[in-house]
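> My questions will all concern the structure given below.
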Amino acid sequence: MGKCGTVAVVVVIGLEFFTKEMIVHYVWVPLLLAGIVSYFIAHCFLSVYEMAIDTVFLCFCEDCEKNDGVQKPYFMSKGLMSYVENSREAQTAGSSTGSSSKTSKKISEKA
């Protein structure tokens, strides 16, 4: 969605620029090229962002697995721990089965 939004903004700005200036006879060729380049740049940026989020989540799961929070303290911040706990509560409230993941149960038992 972010990629498509970026492409749409670039194309609309380019369309406004080219229609006001009238320096190009066929505006769709440069707009198509600008759209392709902006999609590629947005894809690269959002891929790095997604990888960073995955890394934080993976570190969170590893921290829950290796540390118990009492004898071996957690390395995660209190904010991250409360966010995950609030997300787990929202999921169990929304689902009829009330099942939760092993990691969430482990955190709630130790907190």
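Chain labels follow the order of the structure tokens: the first chain is A, the next B, and so on; residue numbering restarts at 1 in every chain, and ligands are counted from 1 in their shown order.
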If you run DSSP on the backbone, which residues of range 40-83 of chain A are alpha helix (DSSP H), as a PyMOL selection string?
chain A and resi 40-66+78-83
> Counting only C-alpha atoms, which of A:Ala42, A:Val12, A:Leu80, A:Leu33 gets nearest to Cys59 in chain A?
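With only C-alpha atoms as the atom set, the closest residue is A:Leu80.
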> Would you list the contacts of Val27 in chain A as a list in words, taking every protein, DNA or RNA residue within 8 Å and counting only C-alpha atoms, but skipping same-chain residues closer than 6 positions in sequence?
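So the residues in contact are Leu15, Phe18 and Thr19 of chain A.
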> Identify which of the residues A:Ser82, A:Gly2, A:Leu31, A:Ser87 lies closest to Glu16 in chain A, counting only C-alpha atoms when measuring atom-to-atom distances.
A:Leu31
> For a quick check of understanding, using only C-alpha atoms, which of A:Ala8, A:Leu46, A:Ala34, A:Val56 has the smallest distance to Ser77 in chain A?
A:Val56
> Would you mind reading off the distance between CA of Ile41 in chain A and CA of Trp28 in chain A, one decimal, in Å?
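These two atoms are separated by 19.7 Å.
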> For Tyr74 in chain A, please output as a count of residues only all residues within 9 Å (counting only C-alpha atoms; exclusion window: fewer than 6 positions along the same chain).
5
> Calculated over only C-alpha atoms, which of the candidates A:Phe57, A:Tyr83, A:Tyr39, A:Tyr26 has the smallest distance to Val11 in chain A?
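Using only C-alpha atoms, the shortest distance to Val11 in chain A belongs to A:Tyr39.
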> Pick out the residues sitting within 8 Å of Lys3 in chain A, and hand them over as an mmCIF file with C-alpha atoms, in the first residue's frame; count only C-alpha atoms, and ignore anything fewer than 2 positions along from it in its own chain.

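Generated output (part_25.cif):
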data_model
loop_
_atom_site.group_PDB
_atom_site.id
_atom_site.type_symbol
_atom_site.label_atom_id
_atom_site.label_comp_id
_atom_site.auth_asym_id
_atom_site.auth_seq_id
_atom_site.Cartn_x
_atom_site.Cartn_y
_atom_site.Cartn_z
ATOM 1 C CA MET A 1 0.000 0.000 0.000
ATOM 2 C CA GLY A 5 0.891 5.478 -2.574
ATOM 3 C CA THR A 6 4.437 6.601 -3.307
ATOM 4 C CA VAL A 7 4.048 5.833 -7.009
ATOM 5 C CA TYR A 39 8.308 1.895 -6.981
ATOM 6 C CA ALA A 42 9.927 2.497 -2.160
ATOM 7 C CA HIS A 43 10.331 -1.280 -2.358
#
> Between CA of Lys78 in chain A and CA of Phe60 in chain A, what is the distance, to one decimal in Å?
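Straight-line distance from CA of Lys78 in chain A to CA of Phe60 in chain A works out to 11.6 Å.
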> Please compute the CA of Thr55 in chain A-CA of Ala90 in chain A distance, one decimal, in Å.
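Here the two named atoms are 23.2 Å from each other.
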